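Asks: The structure file structure-v7.cif (mmCIF, C-alpha atoms) is provided below.
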data_run
loop_
_atom_site.label_atom_id
_atom_site.label_comp_id
_atom_site.auth_asym_id
_atom_site.auth_seq_id
_atom_site.Cartn_x
_atom_site.Cartn_y
_atom_site.Cartn_z
CA MET A 18 0.00 0.00 0.00
CA ARG A 19 2.81 2.35 1.03
CA ARG A 20 4.57 1.62 -2.31
CA VAL A 21 1.44 2.61 -4.23
CA VAL A 22 1.23 5.91 -2.37
CA VAL A 23 4.92 6.66 -3.04
CA ILE A 24 4.49 5.91 -6.75
CA GLY A 25 1.41 8.12 -6.81
CA VAL A 26 3.26 11.00 -5.16
CA LEU A 27 6.20 10.61 -7.58
CA LEU A 28 3.84 10.61 -10.55
CA ALA A 29 2.12 13.75 -9.27
CA LEU A 30 5.52 15.43 -8.75
CA GLY A 31 6.60 14.44 -12.25
CA PHE A 32 3.42 15.87 -13.73
CA GLY A 33 3.92 19.07 -11.74
CA ILE A 34 7.48 19.46 -13.00
CA TRP A 35 6.32 18.82 -16.58
CA TRP A 36 3.48 21.32 -16.20
CA PHE A 37 5.63 24.12 -14.90
CA GLY A 38 8.57 23.35 -17.20
CA VAL A 39 6.76 22.67 -20.46
CA GLY A 40 3.02 22.98 -20.11
CA ALA A 41 3.13 26.51 -18.68
CA LYS A 42 5.29 27.89 -21.51
CA PRO A 43 3.56 30.77 -23.29
CA GLN A 44 1.87 29.77 -26.48
CA VAL A 45 2.25 31.63 -29.77
CA PRO A 46 -1.19 33.08 -30.62
CA SER A 47 -2.79 31.08 -33.42
CA TYR A 48 -3.31 34.18 -35.61
CA LEU A 49 0.47 34.63 -35.76
CA ALA A 50 1.26 31.00 -36.53
CA ARG A 51 1.29 31.49 -40.30
CA MET A 52 3.28 34.71 -40.22
CA GLY A 53 7.03 34.96 -40.26
CA GLY A 54 9.83 32.63 -41.22
CA ASP A 55 13.56 32.66 -41.78
CA PHE A 56 15.27 35.12 -44.11
CA THR A 57 18.73 36.30 -45.05
CA VAL A 58 19.74 39.97 -45.08
CA GLN A 59 22.99 41.87 -45.45
CA SER A 60 24.61 43.64 -42.52
CA SER A 61 27.90 45.47 -42.23
CA VAL A 62 29.53 42.17 -41.20
CA GLY A 63 28.02 40.16 -44.07
CA SER A 64 25.00 37.92 -44.54
CA ILE A 65 22.90 37.17 -41.49
CA LYS A 66 19.89 34.93 -41.10
CA LEU A 67 17.09 35.37 -38.64
CA SER A 68 17.77 31.76 -37.63
CA ASP A 69 21.30 32.77 -36.57
CA PHE A 70 19.60 34.21 -33.50
CA HIS A 71 17.82 31.02 -32.43
CA GLY A 72 18.07 30.84 -28.66
CA ARG A 73 17.57 34.60 -28.37
CA VAL A 74 14.44 36.73 -28.45
CA VAL A 75 14.60 39.04 -31.47
CA LEU A 76 12.94 42.46 -31.70
CA LEU A 77 12.48 42.99 -35.42
CA TYR A 78 11.54 46.26 -37.13
CA PHE A 79 11.21 47.13 -40.82
CA GLY A 80 11.76 50.76 -41.86
CA TYR A 81 14.36 52.94 -43.59
CA SER A 82 17.01 55.36 -42.44
CA HIS A 83 15.51 58.44 -44.14
CA CYS A 84 12.35 57.96 -42.08
CA PRO A 85 12.37 61.04 -39.83
CA ASP A 86 9.76 60.31 -37.22
CA VAL A 87 8.31 56.88 -36.55
CA CYS A 88 11.50 54.84 -37.18
CA PRO A 89 13.74 56.81 -34.81
CA ALA A 90 10.90 56.91 -32.28
CA THR A 91 10.44 53.13 -32.43
CA LEU A 92 14.17 52.38 -32.39
CA SER A 93 14.56 54.70 -29.38
CA MET A 94 11.76 52.86 -27.62
CA MET A 95 13.31 49.47 -28.54
CA ALA A 96 16.68 50.60 -27.19
CA ALA A 97 15.05 51.94 -24.01
CA ALA A 98 13.36 48.57 -23.46
CA MET A 99 16.65 46.72 -23.89
CA ARG A 100 18.34 49.05 -21.43
CA LEU A 101 15.71 48.14 -18.84
CA LEU A 102 16.69 44.46 -19.02
CA LYS A 103 19.26 42.93 -16.67
CA PRO A 104 22.66 42.32 -18.32
CA SER A 105 22.00 38.55 -18.27
CA GLU A 106 18.69 39.16 -20.08
CA GLN A 107 20.23 41.60 -22.57
CA GLN A 108 22.55 38.83 -23.76
CA GLN A 109 19.48 36.82 -24.72
CA VAL A 110 17.85 39.59 -26.77
CA GLN A 111 18.78 40.87 -30.22
CA GLY A 112 17.44 43.93 -32.02
CA LEU A 113 17.27 43.72 -35.81
CA PHE A 114 16.40 46.62 -38.12
CA VAL A 115 15.75 45.76 -41.77
CA SER A 116 15.73 48.68 -44.19
CA LEU A 117 13.20 48.40 -47.03
CA ASP A 118 15.12 51.07 -48.96
CA PRO A 119 18.27 49.32 -50.26
CA TYR A 120 18.81 52.02 -52.92
CA ARG A 121 19.74 54.60 -50.30
CA ASP A 122 20.66 52.39 -47.35
CA SER A 123 23.89 50.40 -47.53
CA PRO A 124 24.72 47.91 -44.75
CA GLN A 125 27.56 50.22 -43.61
CA LYS A 126 25.25 53.21 -43.43
CA LEU A 127 22.70 51.14 -41.51
CA HIS A 128 25.37 50.08 -39.04
CA ALA A 129 26.04 53.75 -38.22
CA TYR A 130 22.29 54.42 -38.12
CA THR A 131 21.36 51.67 -35.63
CA LYS A 132 24.48 52.27 -33.50
CA PHE A 133 23.08 55.74 -32.78
CA PHE A 134 20.21 54.07 -30.90
CA SER A 135 21.81 50.95 -29.45
CA THR A 136 24.73 48.62 -30.09
CA HIS A 137 22.25 45.78 -29.47
CA ILE A 138 20.44 46.58 -32.74
CA ILE A 139 21.87 45.31 -36.03
CA GLY A 140 21.20 47.32 -39.19
CA SER A 141 20.56 45.35 -42.36
CA THR A 142 18.91 45.38 -45.76
CA ALA A 143 18.55 43.16 -48.84
CA GLN A 144 17.80 43.29 -52.53
CA LYS A 145 14.25 44.13 -53.57
CA GLN A 146 13.36 40.54 -54.51
CA VAL A 147 14.45 39.32 -51.08
CA LEU A 148 12.54 42.13 -49.33
CA ASP A 149 9.44 41.33 -51.39
CA ALA A 150 9.63 37.70 -50.28
CA ILE A 151 10.09 38.74 -46.64
CA ALA A 152 7.08 41.07 -46.90
CA GLN A 153 4.98 38.19 -48.20
CA GLN A 154 6.20 35.81 -45.47
CA TRP A 155 5.65 38.37 -42.73
CA HIS A 156 2.31 39.58 -44.12
CA PHE A 157 3.05 43.27 -44.57
CA SER A 158 3.04 45.67 -47.48
CA TYR A 159 5.58 48.35 -48.28
CA HIS A 160 6.19 50.70 -51.14
CA VAL A 161 9.33 52.28 -52.55
CA PRO A 162 8.76 54.61 -55.53
CA GLU A 163 10.24 53.01 -58.65
CA HIS A 164 11.15 56.22 -60.43
CA PRO A 165 11.35 58.96 -57.81
CA LYS A 166 11.72 62.56 -59.02
CA ASN A 167 14.61 63.07 -56.64
CA GLN A 168 16.30 61.43 -53.67
CA PHE A 169 13.75 62.91 -51.26
CA TYR A 170 11.19 60.17 -51.46
CA VAL A 171 9.14 58.48 -48.76
CA VAL A 172 8.87 54.73 -48.23
CA SER A 173 5.69 53.28 -46.78
CA HIS A 174 6.44 50.50 -44.32
CA PRO A 175 4.80 48.52 -41.51
CA ASN A 176 4.87 49.99 -38.05
CA PHE A 177 4.92 46.73 -36.14
CA LEU A 178 7.57 45.73 -33.70
CA TYR A 179 7.80 41.98 -34.19
CA VAL A 180 8.77 39.88 -31.17
CA VAL A 181 10.38 36.63 -32.32
CA ASN A 182 10.77 33.89 -29.73
CA ARG A 183 13.85 31.77 -29.10
CA GLU A 184 12.65 29.20 -31.61
CA GLY A 185 12.46 31.80 -34.37
CA LYS A 186 8.65 31.97 -34.34
CA LEU A 187 6.77 35.24 -34.42
CA ALA A 188 5.40 35.45 -30.87
CA ALA A 189 3.88 38.92 -30.54
CA LEU A 190 3.10 42.06 -32.50
CA LEU A 191 3.79 45.34 -30.77
CA ASP A 192 4.22 48.80 -32.21
CA GLY A 193 5.97 52.06 -31.53
CA LYS A 194 3.18 53.21 -29.25
CA ASN A 195 3.95 50.51 -26.69
CA THR A 196 6.00 51.67 -23.73
CA PRO A 197 9.48 50.25 -23.02
CA ASP A 198 7.98 48.59 -19.90
CA GLU A 199 5.37 46.82 -22.01
CA VAL A 200 8.06 45.63 -24.42
CA VAL A 201 10.17 44.34 -21.52
CA LYS A 202 7.15 42.46 -20.16
CA GLU A 203 6.63 40.82 -23.54
CA ILE A 204 10.33 39.95 -23.92
CA ARG A 205 10.42 38.32 -20.48
CA LYS A 206 7.49 36.08 -21.42
CA TRP A 207 9.67 34.49 -24.05
CA LEU A 208 13.09 34.35 -22.32
CA MET B 2 -18.19 117.73 -46.60
CA VAL B 3 -19.73 114.25 -46.84
CA VAL B 4 -16.83 113.07 -48.98
CA ARG B 5 -14.33 114.33 -46.43
CA TRP B 6 -16.14 112.44 -43.62
CA MET B 7 -16.23 109.30 -45.74
CA LYS B 8 -12.48 109.61 -46.28
CA VAL B 9 -11.91 110.03 -42.54
CA LEU B 10 -14.10 107.03 -41.74
CA GLY B 11 -12.33 105.01 -44.42
CA MET B 12 -8.94 105.87 -42.92
CA LEU B 13 -10.20 104.97 -39.44
CA GLY B 14 -11.53 101.68 -40.78
CA LEU B 15 -8.19 100.87 -42.36
CA LEU B 16 -6.34 101.74 -39.18
CA LEU B 17 -8.72 99.58 -37.15
CA TRP B 18 -8.37 96.66 -39.58
CA SER B 19 -4.59 96.81 -39.58
CA GLY B 20 -4.68 96.98 -35.79
CA ILE B 21 -6.84 93.85 -35.62
CA SER B 22 -4.62 92.09 -38.16
CA GLN B 23 -1.48 92.89 -36.22
CA ALA B 24 -3.04 91.88 -32.92
CA CYS B 25 -4.07 88.56 -34.37
CA ASP B 26 -1.28 86.12 -34.76
CA ILE B 27 -0.48 82.46 -34.69
CA GLU B 28 1.15 81.51 -31.44
CA ILE B 29 3.85 78.88 -31.85
CA LYS B 30 4.83 76.81 -28.83
CA ASP B 31 7.30 74.03 -28.12
CA ALA B 32 9.06 74.13 -31.50
CA ARG B 33 11.59 71.32 -31.45
CA LEU B 34 13.42 69.01 -33.78
CA ARG B 35 14.35 65.37 -33.20
CA LEU B 36 18.13 64.94 -33.19
CA PRO B 37 18.80 62.75 -36.21
CA PRO B 38 21.58 60.14 -36.34
CA PRO B 39 24.87 61.68 -37.55
CA MET B 40 24.65 60.11 -41.01
CA ALA B 41 21.00 61.05 -41.61
CA ASP B 42 20.01 63.98 -43.81
CA THR B 43 16.37 63.96 -42.75
CA ALA B 44 14.79 65.19 -39.54
CA ALA B 45 11.35 65.72 -38.05
CA ALA B 46 10.23 68.95 -36.42
CA TYR B 47 7.32 69.38 -34.04
CA MET B 48 5.43 72.35 -32.65
CA VAL B 49 2.03 73.49 -31.48
CA LEU B 50 0.21 76.20 -33.47
CA GLN B 51 -2.57 78.21 -31.89
CA ASN B 52 -4.68 80.43 -34.08
CA GLY B 53 -5.53 83.46 -31.97
CA CYS B 54 -7.18 85.22 -34.91
CA ALA B 55 -10.90 85.72 -35.34
CA HIS B 56 -10.62 84.22 -38.79
CA GLU B 57 -9.21 81.13 -40.47
CA ARG B 58 -5.49 80.94 -41.24
CA VAL B 59 -3.99 78.55 -43.76
CA LEU B 60 -0.43 77.29 -43.59
CA ARG B 61 0.72 76.59 -47.13
CA SER B 62 4.28 75.44 -46.58
CA VAL B 63 7.35 75.50 -44.38
CA SER B 64 10.92 76.08 -45.50
CA SER B 65 14.29 76.18 -43.80
CA PRO B 66 17.69 77.46 -44.88
CA TRP B 67 19.04 74.24 -43.34
CA ALA B 68 17.13 71.86 -45.64
CA LYS B 69 16.72 71.42 -49.39
CA MET B 70 13.08 70.45 -48.98
CA VAL B 71 10.52 70.65 -46.19
CA MET B 72 7.13 68.93 -46.21
CA LEU B 73 4.16 68.73 -43.91
CA HIS B 74 3.33 65.07 -43.30
CA ASP B 75 0.37 63.44 -41.64
CA ALA B 76 0.77 60.41 -39.35
CA ALA B 77 0.71 58.07 -42.36
CA MET B 78 3.57 60.02 -43.98
CA HIS B 79 1.28 61.44 -46.65
CA LYS B 80 2.06 64.96 -47.77
CA MET B 81 -0.32 67.55 -46.34
CA PRO B 82 -0.94 70.16 -49.06
CA LYS B 83 -1.92 72.72 -46.43
CA LEU B 84 -3.00 73.08 -42.84
CA VAL B 85 -6.23 74.95 -42.19
CA LEU B 86 -6.54 76.46 -38.73
CA LYS B 87 -9.99 77.76 -37.96
CA ALA B 88 -10.41 80.74 -35.64
CA GLY B 89 -9.25 79.78 -32.17
CA GLN B 90 -8.14 76.32 -33.26
CA SER B 91 -4.83 74.75 -32.29
CA PHE B 92 -2.89 71.97 -33.99
CA ALA B 93 0.05 69.93 -32.77
CA PHE B 94 2.77 68.53 -34.97
CA GLN B 95 4.05 65.77 -32.68
CA PRO B 96 6.00 62.50 -32.64
CA ARG B 97 4.25 59.61 -34.43
CA GLU B 98 1.55 61.99 -35.64
CA ALA B 99 1.61 64.80 -38.17
CA HIS B 100 5.09 66.29 -38.34
CA ILE B 101 7.27 68.61 -40.39
CA MET B 102 9.83 66.67 -42.39
CA LEU B 103 13.15 68.26 -43.34
CA MET B 104 15.00 66.59 -46.20
CA GLY B 105 18.48 67.21 -47.50
CA VAL B 106 19.73 68.65 -44.24
CA GLY B 107 23.26 69.72 -45.00
CA ARG B 108 24.45 70.79 -41.56
CA VAL B 109 25.45 68.85 -38.50
CA MET B 110 23.00 69.21 -35.64
CA THR B 111 23.61 68.63 -31.97
CA ALA B 112 21.24 68.84 -29.03
CA GLY B 113 20.49 72.49 -28.34
CA THR B 114 21.10 73.69 -31.90
CA HIS B 115 18.52 76.22 -33.10
CA VAL B 116 17.17 75.43 -36.57
CA PRO B 117 15.18 78.21 -38.25
CA LEU B 118 11.85 77.20 -39.76
CA VAL B 119 9.93 79.63 -41.95
CA LEU B 120 6.15 79.25 -42.02
CA HIS B 121 4.47 80.56 -45.17
CA TRP B 122 0.82 81.52 -44.64
CA GLN B 123 -1.71 81.76 -47.43
CA ASP B 124 -2.31 85.47 -46.79
CA GLY B 125 1.33 86.13 -47.68
CA ARG B 126 2.59 86.47 -44.14
CA VAL B 127 5.79 84.75 -43.18
CA GLN B 128 6.62 83.66 -39.66
CA THR B 129 10.02 82.40 -38.56
CA VAL B 130 10.52 80.17 -35.56
CA ASP B 131 13.62 78.52 -34.12
CA ALA B 132 13.17 74.81 -33.46
CA VAL B 133 15.51 73.56 -30.76
CA VAL B 134 17.20 70.23 -31.49
CA GLN B 135 16.41 67.65 -28.80
CA ASP B 136 17.99 64.27 -28.26
CA MET B 137 14.83 62.21 -27.84
CA ARG B 138 16.52 58.82 -27.48
CA GLN B 139 16.27 58.80 -23.69
CA MET B 140 12.65 59.87 -23.51
CA GLY B 141 10.92 56.53 -23.04
CA GLN B 142 8.86 56.23 -26.17
CA GLY B 143 11.35 58.15 -28.28
CA GLU B 144 9.43 61.33 -27.75
#
Let me see the file written as structure tokens.
Replies:
Amino acid sequence: MRRVVVIGVLLALGFGIWWFGVGAKPQVPSYLARMGGDFTVQSSVGSIKLSDFHGRVVLLYFGYSHCPDVCPATLSMMAAAMRLLKPSEQQQVQGLFVSLDPYRDSPQKLHAYTKFFSTHIIGSTAQKQVLDAIAQQWHFSYHVPEHPKNQFYVVSHPNFLYVVNREGKLAALLDGKNTPDEVVKEIRKWL
Amino acid sequence: MVVRWMKVLGMLGLLLWSGISQACDIEIKDARLRLPPPMADTAAAYMVLQNGCAHERVLRSVSSPWAKMVMLHDAAMHKMPKLVLKAGQSFAFQPREAHIMLMGVGRVMTAGTHVPLVLHWQDGRVQTVDAVVQDMRQMGQGE
């Protein structure tokens, strides 16, 4: 009888450990399940893939360096959120900025651009075909004028801040209007 | 005699009108400009306009000796052809909302730099304001 009780207690303990270790993990919302996927972009240190950051939470933002308002505001907010993390948490988080304007934004220029906000944010871009494929995968639209009158053109781009979990799956959609504290809360869910 | 009185009244009317026109102005508050990254040649300026006039005022454009081109943009980055301010109305150009975009900025800006912005009103009046460059990176939401 005593043996049965011990086995029962061990089973209950095992289930409890499984529940808190695996079962209680946050779930990716179903409406995001079909969005996202791996891609390759060019940074100042060469090609990088989103999957290179598996094991880290990635904050991903698409914009362009000539964007005067919403991009710097969002990157400032992203950087502020990362500064609020503990150093051990910061090591598990990567910021990634992808420019949708490869005609004006070189990887070197983007390196200088993102460094202004945080050294934890990588600046990158890609050729139009690659960006088009990313836009399709990540379910957003963008527009770069094909024959602009001059170099002072505007690029329309999404204003989402994508939170990618450690497995490379899109886990949450935030935007520039979220506070750094809200972003930190979301990051910590996925660490 | 009547003609003389009409002339006097006309002069008084003109004086009164010019007095009203001069007294009525657009008050500009909190003119500032987001410090752009060192390699950027674009910047966004913000300010609050308050129409203290008894009639509508229309802002047609903004220019700056510091930029090759300046545009009024709404929150969706669409060009605003003009800004109509009804009597007593105020309007805020602010982060993530409508803003004034400077393009082709040829000078280096640092926090505290004063950048002149020239507002061109439809009635031909011109109003110059100094926007103070602010480093907005530390301000929580980038504002």
Asks: May I have the residues of chain B within 12 Å of chain A, counting all atoms listed in the file, written as a PyMOL selection string?
Replies: chain B and resi 34-47+68-80+94-106+136-144
Asks: So what does the PyMOL selection byres ((chain A and resi 55) around 9) actually pick up in this one, as a count of residues only?
Replies: 11
Asks: If you apply the PyMOL selection byres ((chain A and resi 183) around 10) to this file, what residues do you get, as a list of chain:residue names?
Replies: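 On this input, the PyMOL selection byres ((chain A and resi 183) around 10) captures A:Ser68, A:Phe70, A:His71, A:Gly72, A:Arg73, A:Val74, A:Val75, A:Gln109, A:Val110, A:Val180, A:Val181, A:Asn182, A:Glu184, A:Gly185, A:Lys186, A:Leu187, A:Ala188, A:Trp207, A:Leu208.
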Asks: Let's have the selection written as a PDB file, in the coordinates of the input, with C-alpha atoms.
Replies:
ATOM      1  CA  SER A  68      17.770  31.760 -37.630  1.00  0.00           C
ATOM      2  CA  PHE A  70      19.600  34.210 -33.500  1.00  0.00           C
ATOM      3  CA  HIS A  71      17.820  31.020 -32.430  1.00  0.00           C
ATOM      4  CA  GLY A  72      18.070  30.840 -28.660  1.00  0.00           C
ATOM      5  CA  ARG A  73      17.570  34.600 -28.370  1.00  0.00           C
ATOM      6  CA  VAL A  74      14.440  36.730 -28.450  1.00  0.00           C
ATOM      7  CA  VAL A  75      14.600  39.040 -31.470  1.00  0.00           C
ATOM      8  CA  GLN A 109      19.480  36.820 -24.720  1.00  0.00           C
ATOM      9  CA  VAL A 110      17.850  39.590 -26.770  1.00  0.00           C
ATOM     10  CA  VAL A 180       8.770  39.880 -31.170  1.00  0.00           C
ATOM     11  CA  VAL A 181      10.380  36.630 -32.320  1.00  0.00           C
ATOM     12  CA  ASN A 182      10.770  33.890 -29.730  1.00  0.00           C
ATOM     13  CA  GLU A 184      12.650  29.200 -31.610  1.00  0.00           C
ATOM     14  CA  GLY A 185      12.460  31.800 -34.370  1.00  0.00           C
ATOM     15  CA  LYS A 186       8.650  31.970 -34.340  1.00  0.00           C
ATOM     16  CA  LEU A 187       6.770  35.240 -34.420  1.00  0.00           C
ATOM     17  CA  ALA A 188       5.400  35.450 -30.870  1.00  0.00           C
ATOM     18  CA  TRP A 207       9.670  34.490 -24.050  1.00  0.00           C
ATOM     19  CA  LEU A 208      13.090  34.350 -22.320  1.00  0.00           C
TER      20      LEU A 208
END
Asks: What does the distance from atom CA of B:Leu84 to atom CA of B:Gln51 come to in Å, to one decimal?
Replies: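 Atom-to-atom, atom CA of B:Leu84 to atom CA of B:Gln51, that is 12.1 Å.
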Asks: What are the centre and edge lengths in Å, to one decimal, of the axis-aligned box around all listed atoms of stretch 58-67 of chain A with 6 Å added on each side, as JSON?
Replies:
{"center_x": 23.3, "center_y": 40.2, "center_z": -42.0, "size_x": 24.4, "size_y": 22.5, "size_z": 18.8}
Asks: At a cut-off of 8 Å around the point (16.7, 75.5, -28.0) (file coordinates), what residues fall inside when counting only C-alpha atoms? I'd like the answer as a short mmCIF file (atom, residue, chain, number, x, y, z; two decimals) with C-alpha atoms, in the coordinates of the input.
Replies:
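Written output follows (result_13.cif):
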data_model
loop_
_atom_site.label_atom_id
_atom_site.label_comp_id
_atom_site.auth_asym_id
_atom_site.auth_seq_id
_atom_site.Cartn_x
_atom_site.Cartn_y
_atom_site.Cartn_z
CA ARG B 33 11.59 71.32 -31.45
CA GLY B 113 20.49 72.49 -28.34
CA THR B 114 21.10 73.69 -31.90
CA HIS B 115 18.52 76.22 -33.10
CA ASP B 131 13.62 78.52 -34.12
CA ALA B 132 13.17 74.81 -33.46
CA VAL B 133 15.51 73.56 -30.76
CA VAL B 134 17.20 70.23 -31.49
CA GLN B 135 16.41 67.65 -28.80
#
Asks: Applying the PyMOL selection byres ((chain A and resi 148) around 12) to the file I just gave you, which residues come out? Please list them as a PyMOL selection string.
Replies: chain A and resi 56-59+79-80+115-119+141-147+149-161+174
Asks: Tell me, in Å to one decimal, how far atom CA of B:Asp26 is from atom CA of B:Trp67.
Replies: 25.1 Å
Asks: What does the distance between atom CA of B:Asp31 and atom CA of B:Met48 come to in Å, to one decimal place?
Replies: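 Interatomic distance, atom CA of B:Asp31 to atom CA of B:Met48: 5.2 Å.
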Asks: Write out as a PyMOL selection string the residues lying within 7 Å of A:Ile139, counting all atoms listed in the file and excluding same-chain residues fewer than 3 positions away.
Replies: chain A and resi 112-114+128+131
Asks: Output C-alpha atoms for every residue in the selection just made, as a compact mmCIF listing (two decimals), in the frame of the given file.
Replies:
# COMPACT_ATOMS: atom_id res chain seq x y z
CA GLY A 112 17.44 43.93 -32.02
CA LEU A 113 17.27 43.72 -35.81
CA PHE A 114 16.40 46.62 -38.12
CA HIS A 128 25.37 50.08 -39.04
CA THR A 131 21.36 51.67 -35.63
Asks: Using only C-alpha atoms, list the residues that have an atom at most 12 Å from (13.4, 81.4, -42.0), coordinates as in the file, as a PyMOL selection string.
Replies: chain B and resi 62-68+71+115-121+127-132
Asks: Nearest to A:Asn176 among A:Asp192, A:Asp122, A:Asp69, A:Glu163, with distances taken over only C-alpha atoms: which residue is it?
Replies: A:Asp192
